[in-house]
Each structure stands twice: as structure tokens, then as C-alpha cells.
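Listing of data-v4.cif; format and content: mmCIF, C-alpha atoms and all ligand atoms; chains and numbers go by the auth columns.
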```
data_input
#
loop_
_atom_site.group_PDB
_atom_site.id
_atom_site.type_symbol
_atom_site.label_atom_id
_atom_site.label_comp_id
_atom_site.label_asym_id
_atom_site.label_seq_id
_atom_site.Cartn_x
_atom_site.Cartn_y
_atom_site.Cartn_z
_atom_site.B_iso_or_equiv
_atom_site.auth_seq_id
_atom_site.auth_asym_id
ATOM 1 C CA MET A 1 99.585 136.334 98.158 0.00 1 R
ATOM 2 C CA ALA A 2 96.580 134.584 99.623 0.00 2 R
ATOM 3 C CA SER A 3 96.491 136.596 102.789 0.00 3 R
ATOM 4 C CA SER A 4 92.781 135.808 102.909 0.00 4 R
ATOM 5 C CA THR A 5 93.610 132.374 104.289 0.00 5 R
ATOM 6 C CA LYS A 6 94.872 133.846 107.539 0.00 6 R
ATOM 7 C CA CYS A 7 93.257 131.908 110.351 0.00 7 R
ATOM 8 C CA LEU A 8 92.787 133.476 113.721 0.00 8 R
ATOM 9 C CA ARG A 9 92.309 131.770 117.063 0.00 9 R
ATOM 10 C CA THR A 10 90.552 133.124 120.105 0.00 10 R
ATOM 11 C CA CYS A 11 92.223 133.251 123.501 0.00 11 R
ATOM 12 C CA VAL A 12 90.003 131.564 126.091 0.00 12 R
ATOM 13 C CA GLY A 13 91.264 133.986 128.723 0.00 13 R
ATOM 14 C CA CYS A 14 90.748 137.427 127.245 0.00 14 R
ATOM 15 C CA GLY A 15 88.696 136.582 124.162 0.00 15 R
ATOM 16 C CA ARG A 16 91.016 138.418 121.808 0.00 16 R
ATOM 17 C CA LYS A 17 91.739 136.970 118.403 0.00 17 R
ATOM 18 C CA ASN A 18 95.300 136.378 117.355 0.00 18 R
ATOM 19 C CA SER A 19 97.302 134.373 114.869 0.00 19 R
ATOM 20 C CA PRO A 20 98.376 130.914 116.125 0.00 20 R
ATOM 21 C CA ASP A 21 101.929 132.262 116.430 0.00 21 R
ATOM 22 C CA GLY A 22 100.883 134.533 119.264 0.00 22 R
ATOM 23 C CA LEU A 23 99.002 131.869 121.141 0.00 23 R
ATOM 24 C CA VAL A 24 99.703 128.600 122.899 0.00 24 R
ATOM 25 C CA ARG A 25 97.509 125.578 122.242 0.00 25 R
ATOM 26 C CA LEU A 26 96.734 123.533 125.317 0.00 26 R
ATOM 27 C CA ARG A 27 95.199 120.088 125.222 0.00 27 R
ATOM 28 C CA THR A 28 93.285 118.033 127.724 0.00 28 R
ATOM 29 C CA PRO A 29 95.829 117.106 130.412 0.00 29 R
ATOM 30 C CA GLY A 30 96.513 113.589 131.575 0.00 30 R
ATOM 31 C CA ARG A 31 94.875 111.859 128.649 0.00 31 R
ATOM 32 C CA GLY A 32 98.055 110.706 126.919 0.00 32 R
ATOM 33 C CA MET A 33 97.342 108.889 123.685 0.00 33 R
ATOM 34 C CA ALA A 34 93.614 109.215 124.170 0.00 34 R
ATOM 35 C CA ASP A 35 93.758 112.900 123.443 0.00 35 R
ATOM 36 C CA SER A 36 90.509 113.854 121.810 0.00 36 R
ATOM 37 C CA GLY A 37 92.074 116.575 119.725 0.00 37 R
ATOM 38 C CA ARG A 38 90.239 119.271 121.606 0.00 38 R
ATOM 39 C CA GLY A 39 92.316 122.254 122.444 0.00 39 R
ATOM 40 C CA ALA A 40 92.156 125.665 123.999 0.00 40 R
ATOM 41 C CA TRP A 41 94.210 128.651 122.929 0.00 41 R
ATOM 42 C CA VAL A 42 95.783 131.082 125.373 0.00 42 R
ATOM 43 C CA CYS A 43 97.882 134.182 124.664 0.00 43 R
ATOM 44 C CA ARG A 44 101.538 133.247 124.672 0.00 44 R
ATOM 45 C CA GLU A 45 103.379 134.353 127.811 0.00 45 R
ATOM 46 C CA SER A 46 100.203 135.633 129.403 0.00 46 R
ATOM 47 C CA VAL A 47 99.697 133.966 132.761 0.00 47 R
ATOM 48 C CA ALA A 48 96.879 136.452 133.363 0.00 48 R
ATOM 49 C CA CYS A 49 94.942 134.978 130.459 0.00 49 R
ATOM 50 C CA PHE A 50 95.591 131.472 131.722 0.00 50 R
ATOM 51 C CA ASP A 51 94.409 132.340 135.234 0.00 51 R
ATOM 52 C CA ARG A 52 91.295 134.047 133.940 0.00 52 R
ATOM 53 C CA ALA A 53 90.447 131.032 131.833 0.00 53 R
ATOM 54 C CA VAL A 54 90.799 128.791 134.894 0.00 54 R
ATOM 55 C CA ASP A 55 88.635 131.090 137.018 0.00 55 R
ATOM 56 C CA ARG A 56 85.863 131.117 134.487 0.00 56 R
ATOM 57 C CA GLY A 57 85.932 127.418 133.734 0.00 57 R
ATOM 58 C CA LYS A 58 86.897 128.093 130.134 0.00 58 R
ATOM 59 C CA PHE A 59 89.145 125.073 129.886 0.00 59 R
ATOM 60 C CA GLU A 60 86.438 122.743 131.118 0.00 60 R
ATOM 61 C CA ARG A 61 84.136 124.136 128.499 0.00 61 R
ATOM 62 C CA ALA A 62 86.757 123.914 125.753 0.00 62 R
ATOM 63 C CA PHE A 63 87.713 120.357 126.627 0.00 63 R
ATOM 64 C CA LYS A 64 84.154 119.349 127.439 0.00 64 R
ATOM 65 C CA THR A 65 85.343 117.596 130.578 0.00 65 R
ATOM 66 C CA LYS A 66 85.673 118.253 134.284 0.00 66 R
ATOM 67 C CA LEU A 67 89.178 119.184 135.382 0.00 67 R
ATOM 68 C CA ASP A 68 90.417 118.518 138.893 0.00 68 R
ATOM 69 C CA THR A 69 93.153 120.457 140.641 0.00 69 R
ATOM 70 C CA GLY A 70 95.868 118.045 139.518 0.00 70 R
ATOM 71 C CA GLN A 71 94.849 118.364 135.902 0.00 71 R
ATOM 72 C CA LEU A 72 94.801 122.133 136.136 0.00 72 R
ATOM 73 C CA GLU A 73 98.328 121.988 137.547 0.00 73 R
ATOM 74 C CA LEU A 74 99.424 119.816 134.641 0.00 74 R
ATOM 75 C CA LEU A 75 97.848 122.297 132.298 0.00 75 R
ATOM 76 C CA ARG A 76 99.668 125.185 133.925 0.00 76 R
ATOM 77 C CA ALA A 77 102.956 123.275 133.773 0.00 77 R
ATOM 78 C CA SER A 78 102.584 122.655 130.066 0.00 78 R
ATOM 79 C CA PHE A 79 101.609 126.279 129.498 0.00 79 R
ATOM 80 C CA GLU A 80 104.691 127.481 131.368 0.00 80 R
ATOM 81 C CA SER A 81 106.991 125.034 129.623 0.00 81 R
ATOM 82 C CA VAL A 82 105.821 126.298 126.247 0.00 82 R
ATOM 83 C CA CYS A 83 106.244 129.912 127.243 0.00 83 R
ATOM 84 C CA GLN A 84 109.644 129.478 128.870 0.00 84 R
ATOM 85 C CA VAL A 85 109.511 132.852 130.544 0.00 85 R
ATOM 86 C CA SER A 86 112.806 132.894 132.356 0.00 86 R
HETATM 87 ZN ZN ZN B . 94.523 136.339 126.099 0.00 1 O
#
```

Could you spell out this file's structure in C-alpha cells?
Ligand SMILES: [Zn+2]
Amino acid sequence: MASSTKCLRTCVGCGRKNSPDGLVRLRTPGRGMADSGRGAWVCRESVACFDRAVDRGKFERAFKTKLDTGQLELLRASFESVCQVS
């Protein structure tokens, strides 16, 4: 029942909508406890979506902050650790 409560998230890389199960939620890197709660969703196991989001500045827009190279690397590391593509 209650399938109407299905909530979909949009991948910041490809713009496709998916259920949270098929996506990875990334948060502002390097903020520790001060995390603002902002997040960006990327297709699970899709490095292509991640790269596209980086190229287009989608993460900076989602997090409403400027990301330097180190932060983008942290972001990629957390994305890859969630995906665990071995
Ligand atoms: Zn995607």
C-alpha cells in the first residue's frame, strides 16, 4: 500500500530521477560536524555521472559553496567508498 509516497531523487550528473536506493548521497566534504545537511545525489556506481557533475559545477551549486581540488578528491573518495566497485 501507499506507493504514492515513493520519493525520487535526481542525479546531479545525468539528471535522471531514481529511488534513493539507486543513488548515493554525497555531502559537503571536509566540513565534519559542521555539515549543513546539504547533499547531492549521484547514480550509484556511475563514475560517469560523478565526473559530469564535477565538470558542470553541479556539486558547487548543490552545496552552495566553492570546492577546491582537495575537496573534490575527498568527494570522489567518499563516492568510491560507498560504491565499492571492486
Ligand atoms: Zn546519473

Discussion item. What's around Leu26 in chain R at 12 Å? Count all atoms listed in the file, leave out sequence neighbours fewer than 3 positions away in its own chain, and write the answer as a PyMOL selection string.
Written reply: chain R and resi 11-12+20+23+29-30+35+37-44+50+53+58-60+62-63+71-72+74-83

Item to complete: Would you mind reading off the distance between CA of Cys14 in chain R and CA of Leu67 in chain R, one decimal, in Å?
Response: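 Atom-to-atom, CA of Cys14 in chain R and CA of Leu67 in chain R are spaced 20.0 Å apart.
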
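Of the residues under consideration (R:Val24, R:Cys7, R:Cys49, R:Val54), R:Cys49 shows the shortest atom-to-atom contact distance to ligand ZN 1 (chain O) when counting only C-alpha atoms and all ligand atoms.
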
Worksheet item: In Å to one decimal, how far is CA of Leu8 in chain R from CA of Asp68 in chain R?
Response: 29.4 Å
